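So this block is query_29.cif, mmCIF, N, CA, C and O atoms:
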```cif
data_model
#
loop_
_atom_site.label_atom_id
_atom_site.label_comp_id
_atom_site.auth_asym_id
_atom_site.auth_seq_id
_atom_site.Cartn_x
_atom_site.Cartn_y
_atom_site.Cartn_z
N MET E 23 34.63 24.76 23.83
CA MET E 23 33.58 24.39 24.75
C MET E 23 32.77 23.25 24.13
O MET E 23 32.42 23.28 22.97
N SER E 24 32.50 22.23 24.92
CA SER E 24 31.69 21.13 24.41
C SER E 24 30.27 21.24 24.96
O SER E 24 30.05 21.74 26.06
N TYR E 25 29.34 20.77 24.17
CA TYR E 25 27.94 20.83 24.55
C TYR E 25 27.42 19.42 24.75
O TYR E 25 27.85 18.50 24.05
N PRO E 26 26.50 19.23 25.68
CA PRO E 26 25.95 17.87 25.86
C PRO E 26 25.12 17.46 24.66
O PRO E 26 24.57 18.30 23.95
N ARG E 27 25.07 16.16 24.42
CA ARG E 27 24.24 15.63 23.33
C ARG E 27 22.78 15.90 23.63
O ARG E 27 22.35 15.82 24.78
N PRO E 28 21.99 16.20 22.62
CA PRO E 28 20.56 16.40 22.85
C PRO E 28 19.90 15.11 23.34
O PRO E 28 20.35 14.02 23.03
N MET E 29 18.84 15.26 24.10
CA MET E 29 18.15 14.09 24.64
C MET E 29 17.44 13.30 23.54
O MET E 29 17.33 12.10 23.62
N LYS E 30 16.96 14.00 22.53
CA LYS E 30 16.26 13.32 21.44
C LYS E 30 17.05 13.53 20.15
O LYS E 30 17.18 14.64 19.69
N ARG E 31 17.58 12.44 19.60
CA ARG E 31 18.34 12.52 18.36
C ARG E 31 17.53 11.88 17.25
O ARG E 31 17.05 10.77 17.39
N PRO E 32 17.37 12.59 16.12
CA PRO E 32 16.48 12.11 15.06
C PRO E 32 17.06 10.97 14.22
O PRO E 32 18.27 10.84 14.07
N GLY E 33 16.15 10.20 13.68
CA GLY E 33 16.49 9.17 12.71
C GLY E 33 15.31 9.01 11.76
O GLY E 33 14.19 9.41 12.07
N THR E 34 15.58 8.44 10.60
CA THR E 34 14.54 8.23 9.60
C THR E 34 14.33 6.74 9.39
O THR E 34 15.30 5.99 9.16
N VAL E 35 13.08 6.30 9.46
CA VAL E 35 12.76 4.89 9.22
C VAL E 35 12.91 4.64 7.73
O VAL E 35 12.21 5.24 6.91
N GLU E 36 13.83 3.75 7.36
CA GLU E 36 14.11 3.46 5.96
C GLU E 36 13.48 2.15 5.49
O GLU E 36 13.25 1.96 4.31
N ASP E 37 13.20 1.24 6.43
CA ASP E 37 12.57 -0.03 6.08
C ASP E 37 11.87 -0.58 7.31
O ASP E 37 12.27 -0.29 8.45
N VAL E 38 10.83 -1.39 7.09
CA VAL E 38 10.07 -2.02 8.16
C VAL E 38 9.94 -3.49 7.80
O VAL E 38 9.71 -3.85 6.63
N SER E 39 10.07 -4.36 8.79
CA SER E 39 9.95 -5.80 8.54
C SER E 39 8.54 -6.16 8.10
O SER E 39 7.59 -5.41 8.31
N LYS E 40 8.39 -7.34 7.49
CA LYS E 40 7.09 -7.81 7.00
C LYS E 40 6.03 -7.84 8.09
O LYS E 40 4.88 -7.52 7.86
N ASN E 41 6.44 -8.22 9.31
CA ASN E 41 5.48 -8.30 10.41
C ASN E 41 5.35 -6.96 11.16
O ASN E 41 4.66 -6.89 12.17
N LYS E 42 6.01 -5.93 10.65
CA LYS E 42 5.96 -4.57 11.18
C LYS E 42 6.51 -4.44 12.60
O LYS E 42 6.25 -3.46 13.29
N ALA E 43 7.30 -5.42 13.04
CA ALA E 43 7.84 -5.41 14.39
C ALA E 43 9.25 -4.81 14.47
O ALA E 43 9.71 -4.48 15.56
N ALA E 44 9.93 -4.67 13.33
CA ALA E 44 11.30 -4.18 13.36
C ALA E 44 11.49 -3.06 12.34
O ALA E 44 10.89 -3.07 11.27
N LEU E 45 12.33 -2.11 12.72
CA LEU E 45 12.61 -0.94 11.89
C LEU E 45 14.10 -0.84 11.59
O LEU E 45 14.93 -1.12 12.46
N ALA E 46 14.44 -0.42 10.38
CA ALA E 46 15.81 -0.03 10.05
C ALA E 46 15.81 1.51 10.01
O ALA E 46 15.07 2.11 9.22
N VAL E 47 16.59 2.11 10.89
CA VAL E 47 16.57 3.56 11.05
C VAL E 47 17.95 4.13 10.70
O VAL E 47 18.96 3.75 11.29
N SER E 48 17.99 5.05 9.73
CA SER E 48 19.24 5.75 9.44
C SER E 48 19.33 6.94 10.39
O SER E 48 18.33 7.60 10.67
N ASN E 49 20.54 7.18 10.89
CA ASN E 49 20.74 8.24 11.88
C ASN E 49 22.18 8.70 11.84
O ASN E 49 22.99 8.18 11.07
N GLU E 50 22.52 9.67 12.65
CA GLU E 50 23.86 10.25 12.63
C GLU E 50 24.96 9.26 13.00
O GLU E 50 26.14 9.50 12.73
N GLU E 51 24.61 8.12 13.59
CA GLU E 51 25.59 7.11 13.98
C GLU E 51 25.71 5.99 12.95
O GLU E 51 26.53 5.11 13.10
N GLY E 52 24.86 6.00 11.93
CA GLY E 52 24.83 4.94 10.93
C GLY E 52 23.42 4.43 10.77
O GLY E 52 22.49 5.20 10.56
N TRP E 53 23.26 3.12 10.90
CA TRP E 53 21.95 2.48 10.78
C TRP E 53 21.71 1.64 12.02
O TRP E 53 22.61 0.90 12.46
N THR E 54 20.51 1.72 12.58
CA THR E 54 20.16 0.98 13.78
C THR E 54 18.91 0.15 13.50
O THR E 54 17.97 0.63 12.88
N VAL E 55 18.93 -1.10 13.96
CA VAL E 55 17.76 -1.97 13.86
C VAL E 55 17.08 -1.95 15.22
O VAL E 55 17.71 -2.20 16.26
N VAL E 56 15.77 -1.63 15.20
CA VAL E 56 15.00 -1.48 16.43
C VAL E 56 13.78 -2.40 16.35
O VAL E 56 13.02 -2.35 15.38
N GLU E 57 13.59 -3.23 17.37
CA GLU E 57 12.40 -4.07 17.47
C GLU E 57 11.37 -3.36 18.35
O GLU E 57 11.67 -2.99 19.49
N LEU E 58 10.18 -3.16 17.82
CA LEU E 58 9.10 -2.56 18.60
C LEU E 58 8.49 -3.63 19.50
O LEU E 58 8.29 -4.77 19.08
N ILE E 59 8.17 -3.24 20.72
CA ILE E 59 7.58 -4.16 21.68
C ILE E 59 6.13 -3.73 21.92
O ILE E 59 5.86 -2.78 22.66
N GLY E 60 5.19 -4.38 21.25
CA GLY E 60 3.77 -4.10 21.47
C GLY E 60 3.19 -2.94 20.68
O GLY E 60 2.05 -2.58 20.86
N SER E 61 3.95 -2.34 19.80
CA SER E 61 3.45 -1.20 19.00
C SER E 61 3.65 -1.43 17.52
O SER E 61 3.81 -0.50 16.75
N GLU E 62 3.64 -2.69 17.11
CA GLU E 62 3.88 -3.04 15.73
C GLU E 62 2.88 -2.35 14.81
O GLU E 62 1.70 -2.28 15.10
N GLY E 63 3.38 -1.81 13.72
CA GLY E 63 2.51 -1.21 12.71
C GLY E 63 2.21 0.26 12.90
O GLY E 63 1.57 0.87 12.06
N LYS E 64 2.65 0.85 13.99
CA LYS E 64 2.35 2.26 14.24
C LYS E 64 3.37 3.20 13.62
O LYS E 64 3.12 4.40 13.52
N ILE E 65 4.52 2.69 13.23
CA ILE E 65 5.59 3.50 12.64
C ILE E 65 5.87 2.95 11.25
O ILE E 65 5.96 1.73 11.06
N ALA E 66 6.01 3.83 10.26
CA ALA E 66 6.14 3.41 8.86
C ALA E 66 7.39 3.99 8.21
O ALA E 66 8.02 4.92 8.74
N VAL E 67 7.73 3.48 7.04
CA VAL E 67 8.84 3.99 6.25
C VAL E 67 8.63 5.49 6.00
O VAL E 67 7.53 5.92 5.68
N GLY E 68 9.69 6.25 6.19
CA GLY E 68 9.65 7.69 5.99
C GLY E 68 9.39 8.49 7.26
O GLY E 68 9.61 9.70 7.28
N ASP E 69 8.92 7.81 8.31
CA ASP E 69 8.66 8.52 9.57
C ASP E 69 9.97 8.94 10.24
O ASP E 69 10.98 8.24 10.14
N THR E 70 9.93 10.07 10.92
CA THR E 70 11.05 10.52 11.74
C THR E 70 10.80 10.06 13.16
O THR E 70 9.73 10.28 13.72
N VAL E 71 11.80 9.39 13.72
CA VAL E 71 11.73 8.90 15.10
C VAL E 71 12.93 9.44 15.85
O VAL E 71 13.90 9.92 15.25
N PHE E 72 12.87 9.38 17.16
CA PHE E 72 13.94 9.93 17.99
C PHE E 72 14.37 8.92 19.04
O PHE E 72 13.55 8.12 19.51
N ALA E 73 15.65 8.97 19.40
CA ALA E 73 16.19 8.12 20.46
C ALA E 73 17.25 8.91 21.21
O ALA E 73 17.80 9.89 20.70
N ARG E 74 17.55 8.47 22.41
CA ARG E 74 18.63 9.10 23.17
C ARG E 74 19.99 8.68 22.64
O ARG E 74 20.91 9.47 22.57
N ASP E 75 20.10 7.39 22.30
CA ASP E 75 21.40 6.85 21.90
C ASP E 75 21.19 5.77 20.84
O ASP E 75 20.78 4.65 21.16
N TRP E 76 21.49 6.10 19.60
CA TRP E 76 21.31 5.15 18.50
C TRP E 76 22.31 3.99 18.57
O TRP E 76 22.13 2.98 17.91
N LEU E 77 23.35 4.12 19.38
CA LEU E 77 24.33 3.04 19.52
C LEU E 77 23.98 2.06 20.63
O LEU E 77 24.67 1.07 20.83
N ALA E 78 22.90 2.34 21.35
CA ALA E 78 22.49 1.48 22.46
C ALA E 78 22.14 0.08 21.94
O ALA E 78 21.75 -0.09 20.79
N VAL E 79 22.31 -0.90 22.81
CA VAL E 79 21.85 -2.26 22.54
C VAL E 79 21.04 -2.68 23.75
O VAL E 79 21.50 -2.56 24.88
N GLY E 80 19.82 -3.12 23.50
CA GLY E 80 18.95 -3.53 24.60
C GLY E 80 17.70 -2.67 24.67
O GLY E 80 17.36 -1.96 23.71
N SER E 81 17.04 -2.72 25.80
CA SER E 81 15.77 -2.01 25.98
C SER E 81 15.99 -0.50 26.04
O SER E 81 16.78 -0.01 26.84
N GLU E 82 15.30 0.20 25.18
CA GLU E 82 15.36 1.66 25.09
C GLU E 82 14.01 2.14 24.59
O GLU E 82 13.29 1.39 23.94
N GLY E 83 13.70 3.37 24.84
CA GLY E 83 12.50 3.95 24.27
C GLY E 83 12.80 4.57 22.91
O GLY E 83 13.91 5.04 22.66
N ILE E 84 11.82 4.54 22.03
CA ILE E 84 11.92 5.25 20.76
C ILE E 84 10.72 6.19 20.71
O ILE E 84 9.62 5.83 21.14
N ILE E 85 10.93 7.41 20.25
CA ILE E 85 9.89 8.43 20.29
C ILE E 85 9.38 8.71 18.89
O ILE E 85 10.15 8.92 17.96
N PHE E 86 8.05 8.70 18.77
CA PHE E 86 7.39 9.02 17.50
C PHE E 86 6.15 9.84 17.84
O PHE E 86 5.34 9.44 18.66
N ASN E 87 6.05 10.99 17.20
CA ASN E 87 4.92 11.91 17.46
C ASN E 87 4.76 12.20 18.95
O ASN E 87 3.66 12.17 19.49
N ASP E 88 5.89 12.45 19.62
CA ASP E 88 5.93 12.77 21.06
C ASP E 88 5.41 11.65 21.97
O ASP E 88 5.13 11.88 23.13
N GLU E 89 5.30 10.44 21.45
CA GLU E 89 4.90 9.28 22.24
C GLU E 89 6.09 8.34 22.35
O GLU E 89 6.76 8.07 21.35
N VAL E 90 6.36 7.84 23.55
CA VAL E 90 7.46 6.92 23.74
C VAL E 90 6.95 5.49 23.57
O VAL E 90 5.98 5.08 24.19
N PHE E 91 7.62 4.74 22.70
CA PHE E 91 7.29 3.35 22.43
C PHE E 91 8.38 2.46 23.03
O PHE E 91 9.56 2.77 22.92
N SER E 92 7.98 1.34 23.63
CA SER E 92 8.95 0.37 24.12
C SER E 92 9.61 -0.30 22.93
O SER E 92 8.95 -0.65 21.96
N ALA E 93 10.92 -0.45 23.03
CA ALA E 93 11.67 -1.04 21.92
C ALA E 93 12.89 -1.75 22.45
O ALA E 93 13.32 -1.55 23.58
N TYR E 94 13.45 -2.60 21.59
CA TYR E 94 14.70 -3.28 21.88
C TYR E 94 15.66 -2.99 20.74
O TYR E 94 15.39 -3.35 19.60
N PHE E 95 16.73 -2.28 21.04
CA PHE E 95 17.72 -1.91 20.03
C PHE E 95 18.61 -3.12 19.76
O PHE E 95 19.26 -3.63 20.67
N GLN E 96 18.63 -3.56 18.50
CA GLN E 96 19.32 -4.79 18.11
C GLN E 96 20.79 -4.58 17.76
O GLN E 96 21.55 -5.52 17.72
N GLY E 97 21.16 -3.35 17.45
CA GLY E 97 22.55 -3.08 17.08
C GLY E 97 22.63 -2.01 16.01
O GLY E 97 21.63 -1.51 15.50
N ASN E 98 23.86 -1.65 15.69
CA ASN E 98 24.15 -0.56 14.76
C ASN E 98 25.14 -1.05 13.73
O ASN E 98 26.07 -1.79 14.06
N GLY E 99 24.94 -0.64 12.48
CA GLY E 99 25.86 -1.03 11.43
C GLY E 99 25.67 -0.15 10.21
O GLY E 99 25.18 0.97 10.31
N ASP E 100 26.03 -0.69 9.06
CA ASP E 100 25.86 0.07 7.84
C ASP E 100 24.51 -0.27 7.20
O ASP E 100 23.75 -1.10 7.69
N ARG E 101 24.22 0.39 6.08
CA ARG E 101 22.94 0.22 5.39
C ARG E 101 22.69 -1.24 5.01
O ARG E 101 21.60 -1.78 5.24
N GLN E 102 23.68 -1.88 4.42
CA GLN E 102 23.54 -3.26 3.97
C GLN E 102 23.20 -4.19 5.14
O GLN E 102 22.34 -5.06 5.05
N TRP E 103 23.90 -4.01 6.26
CA TRP E 103 23.65 -4.84 7.43
C TRP E 103 22.21 -4.65 7.93
O TRP E 103 21.49 -5.62 8.15
N ALA E 104 21.79 -3.40 8.09
CA ALA E 104 20.46 -3.12 8.64
C ALA E 104 19.35 -3.64 7.73
O ALA E 104 18.40 -4.28 8.20
N LEU E 105 19.47 -3.39 6.43
CA LEU E 105 18.44 -3.85 5.50
C LEU E 105 18.41 -5.37 5.44
O LEU E 105 17.35 -5.98 5.28
N GLY E 106 19.55 -6.01 5.57
CA GLY E 106 19.61 -7.47 5.63
C GLY E 106 18.91 -8.02 6.86
O GLY E 106 18.21 -9.03 6.78
N GLN E 107 19.09 -7.36 7.99
CA GLN E 107 18.41 -7.77 9.21
C GLN E 107 16.89 -7.71 9.04
O GLN E 107 16.16 -8.62 9.42
N ILE E 108 16.42 -6.62 8.46
CA ILE E 108 14.98 -6.42 8.25
C ILE E 108 14.44 -7.45 7.25
O ILE E 108 13.36 -8.02 7.45
N ALA E 109 15.17 -7.70 6.17
CA ALA E 109 14.73 -8.66 5.15
C ALA E 109 14.57 -10.06 5.72
O ALA E 109 13.71 -10.82 5.28
N ASN E 110 15.40 -10.40 6.71
CA ASN E 110 15.36 -11.73 7.29
C ASN E 110 14.53 -11.82 8.56
O ASN E 110 14.49 -12.86 9.20
N TRP E 111 13.87 -10.72 8.93
CA TRP E 111 13.06 -10.70 10.16
C TRP E 111 11.84 -11.58 9.97
O TRP E 111 11.27 -11.65 8.89
N GLY E 112 11.37 -12.22 11.03
CA GLY E 112 10.22 -13.13 10.98
C GLY E 112 8.93 -12.42 10.61
O GLY E 112 8.84 -11.21 10.58
N GLY E 113 7.95 -13.19 10.35
CA GLY E 113 6.63 -12.67 10.03
C GLY E 113 6.28 -12.87 8.58
O GLY E 113 7.08 -13.31 7.77
N SER E 114 5.04 -12.55 8.26
CA SER E 114 4.61 -12.72 6.88
C SER E 114 3.95 -11.48 6.35
O SER E 114 3.70 -10.55 7.06
#
```
Reformat the file's structure so that it appears as structure tokens.
Amino acid sequence: MSYPRPMKRPGTVEDVSKNKAALAVSNEEGWTVVELIGSEGKIAVGDTVFARDWLAVGSEGIIFNDEVFSAYFQGNGDRQWALGQIANWGGS
């Protein structure tokens, strides 16, 4: 018997860009880079966040402390890829 995927799947924020607009999140699918839209700085390294689909690309919600934040999922890859994306993200 197969069970449906849960609506909220956890991930851990492992890195945040300098301008606090992008997150590298480790999750059951690998690593996902997520750009926050208008909520920069509210989520930090070590926080647990939730998403419906960590493999999504494009506009999706990300959940933190039961609040849904607008986000843009940039893609999924391995640790090196995600941390490289965050290291090269704009901002100061």
For the structure provided, state which residues fall under the PyMOL selection byres ((chain E and resi 31) around 5), and present them as a PyMOL selection string.
chain E and resi 28-30+32-33+71-74
On this file, the PyMOL selection byres ((chain E and resi 34-48) around 8) gives some set of residues; write that set as an MDAnalysis selection string.
chainID E and resid 31:33 49:72 76 92:94 96:101 104:105 107:114
Separation of atom CA of Gln102 of chain E and atom CA of Val90 of chain E, in Å?
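Atom CA of Val90 of chain E lies at a distance of 27.4 Å from atom CA of Gln102 of chain E.
We find atom C of Ala78 of chain E and atom O of Phe95 of chain E to be spaced 4.9 Å apart.
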Secondary structure check, strand (DSSP E) residues of segment 36-101 of chain E, as a ChimeraX atom specification:
/E:36-38,44-49,52-58,70-73,80-86,89-99
Where does DSSP see alpha helix (DSSP H) in chain E, if you list the residues as number ranges by chain?
E: 101-109
Report, in Å to a single decimal, how far apart atom O of Asp75 of chain E and atom N of Asp88 of chain E are.
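Answer for the atom N of Asp88 of chain E to atom O of Asp75 of chain E separation: 16.9 Å.
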Please complete segment 100-111 of chain E so it has all heavy atoms, and hand it over as an mmCIF file, keeping the file's coordinate frame.
```cif
data_model
loop_
_atom_site.group_PDB
_atom_site.id
_atom_site.type_symbol
_atom_site.label_atom_id
_atom_site.label_comp_id
_atom_site.auth_asym_id
_atom_site.auth_seq_id
_atom_site.Cartn_x
_atom_site.Cartn_y
_atom_site.Cartn_z
ATOM 1 N N ASP E 100 26.030 -0.690 9.060
ATOM 2 C CA ASP E 100 25.860 0.070 7.840
ATOM 3 C C ASP E 100 24.510 -0.270 7.200
ATOM 4 O O ASP E 100 23.750 -1.100 7.690
ATOM 5 C CB ASP E 100 27.016 -0.156 6.865
ATOM 6 C CG ASP E 100 27.152 -1.602 6.398
ATOM 7 O OD1 ASP E 100 26.223 -2.418 6.597
ATOM 8 O OD2 ASP E 100 28.196 -1.918 5.815
ATOM 9 N N ARG E 101 24.220 0.390 6.080
ATOM 10 C CA ARG E 101 22.940 0.220 5.390
ATOM 11 C C ARG E 101 22.690 -1.240 5.010
ATOM 12 O O ARG E 101 21.600 -1.780 5.240
ATOM 13 C CB ARG E 101 22.925 1.116 4.148
ATOM 14 C CG ARG E 101 21.668 1.032 3.330
ATOM 15 C CD ARG E 101 21.750 1.973 2.110
ATOM 16 N NE ARG E 101 20.508 2.010 1.381
ATOM 17 C CZ ARG E 101 20.151 1.140 0.439
ATOM 18 N NH1 ARG E 101 20.970 0.163 0.103
ATOM 19 N NH2 ARG E 101 18.989 1.249 -0.175
ATOM 20 N N GLN E 102 23.680 -1.880 4.420
ATOM 21 C CA GLN E 102 23.540 -3.260 3.970
ATOM 22 C C GLN E 102 23.200 -4.190 5.140
ATOM 23 O O GLN E 102 22.340 -5.060 5.050
ATOM 24 C CB GLN E 102 24.809 -3.722 3.270
ATOM 25 C CG GLN E 102 24.715 -5.130 2.719
ATOM 26 C CD GLN E 102 25.967 -5.534 1.960
ATOM 27 O OE1 GLN E 102 26.879 -4.740 1.760
ATOM 28 N NE2 GLN E 102 26.016 -6.773 1.536
ATOM 29 N N TRP E 103 23.900 -4.010 6.260
ATOM 30 C CA TRP E 103 23.650 -4.840 7.430
ATOM 31 C C TRP E 103 22.210 -4.650 7.930
ATOM 32 O O TRP E 103 21.490 -5.620 8.150
ATOM 33 C CB TRP E 103 24.640 -4.487 8.549
ATOM 34 C CG TRP E 103 24.297 -5.171 9.836
ATOM 35 C CD1 TRP E 103 24.598 -6.452 10.193
ATOM 36 C CD2 TRP E 103 23.537 -4.619 10.918
ATOM 37 N NE1 TRP E 103 24.071 -6.730 11.441
ATOM 38 C CE2 TRP E 103 23.425 -5.624 11.901
ATOM 39 C CE3 TRP E 103 22.948 -3.384 11.151
ATOM 40 C CZ2 TRP E 103 22.750 -5.420 13.101
ATOM 41 C CZ3 TRP E 103 22.276 -3.180 12.350
ATOM 42 C CH2 TRP E 103 22.179 -4.185 13.311
ATOM 43 N N ALA E 104 21.790 -3.400 8.090
ATOM 44 C CA ALA E 104 20.460 -3.120 8.640
ATOM 45 C C ALA E 104 19.350 -3.640 7.730
ATOM 46 O O ALA E 104 18.400 -4.280 8.200
ATOM 47 C CB ALA E 104 20.295 -1.621 8.880
ATOM 48 N N LEU E 105 19.470 -3.390 6.430
ATOM 49 C CA LEU E 105 18.440 -3.850 5.500
ATOM 50 C C LEU E 105 18.410 -5.370 5.440
ATOM 51 O O LEU E 105 17.350 -5.980 5.280
ATOM 52 C CB LEU E 105 18.641 -3.233 4.127
ATOM 53 C CG LEU E 105 18.452 -1.708 4.072
ATOM 54 C CD1 LEU E 105 18.711 -1.195 2.669
ATOM 55 C CD2 LEU E 105 17.089 -1.279 4.577
ATOM 56 N N GLY E 106 19.550 -6.010 5.570
ATOM 57 C CA GLY E 106 19.610 -7.470 5.630
ATOM 58 C C GLY E 106 18.910 -8.020 6.860
ATOM 59 O O GLY E 106 18.210 -9.030 6.780
ATOM 60 N N GLN E 107 19.090 -7.360 7.990
ATOM 61 C CA GLN E 107 18.410 -7.770 9.210
ATOM 62 C C GLN E 107 16.890 -7.710 9.040
ATOM 63 O O GLN E 107 16.160 -8.620 9.420
ATOM 64 C CB GLN E 107 18.820 -6.889 10.400
ATOM 65 C CG GLN E 107 20.270 -6.984 10.789
ATOM 66 C CD GLN E 107 20.610 -8.353 11.333
ATOM 67 O OE1 GLN E 107 19.945 -8.862 12.216
ATOM 68 N NE2 GLN E 107 21.650 -8.957 10.788
ATOM 69 N N ILE E 108 16.420 -6.620 8.460
ATOM 70 C CA ILE E 108 14.980 -6.420 8.250
ATOM 71 C C ILE E 108 14.440 -7.450 7.250
ATOM 72 O O ILE E 108 13.360 -8.020 7.450
ATOM 73 C CB ILE E 108 14.690 -4.980 7.788
ATOM 74 C CG1 ILE E 108 15.070 -3.974 8.886
ATOM 75 C CG2 ILE E 108 13.230 -4.817 7.380
ATOM 76 C CD1 ILE E 108 14.352 -4.154 10.202
ATOM 77 N N ALA E 109 15.170 -7.700 6.170
ATOM 78 C CA ALA E 109 14.730 -8.660 5.150
ATOM 79 C C ALA E 109 14.570 -10.060 5.720
ATOM 80 O O ALA E 109 13.710 -10.820 5.280
ATOM 81 C CB ALA E 109 15.718 -8.674 3.981
ATOM 82 N N ASN E 110 15.400 -10.400 6.710
ATOM 83 C CA ASN E 110 15.360 -11.730 7.290
ATOM 84 C C ASN E 110 14.530 -11.820 8.560
ATOM 85 O O ASN E 110 14.490 -12.860 9.200
ATOM 86 C CB ASN E 110 16.801 -12.213 7.578
ATOM 87 C CG ASN E 110 17.557 -12.423 6.287
ATOM 88 O OD1 ASN E 110 17.046 -13.001 5.344
ATOM 89 N ND2 ASN E 110 18.787 -11.942 6.240
ATOM 90 N N TRP E 111 13.870 -10.720 8.930
ATOM 91 C CA TRP E 111 13.060 -10.700 10.160
ATOM 92 C C TRP E 111 11.840 -11.580 9.970
ATOM 93 O O TRP E 111 11.270 -11.650 8.890
ATOM 94 C CB TRP E 111 12.637 -9.273 10.480
ATOM 95 C CG TRP E 111 12.337 -9.078 11.939
ATOM 96 C CD1 TRP E 111 11.147 -9.263 12.550
ATOM 97 C CD2 TRP E 111 13.253 -8.694 12.948
ATOM 98 N NE1 TRP E 111 11.255 -8.996 13.885
ATOM 99 C CE2 TRP E 111 12.554 -8.658 14.164
ATOM 100 C CE3 TRP E 111 14.616 -8.383 12.944
ATOM 101 C CZ2 TRP E 111 13.137 -8.311 15.358
ATOM 102 C CZ3 TRP E 111 15.203 -8.042 14.150
ATOM 103 C CH2 TRP E 111 14.480 -8.003 15.328
#
```
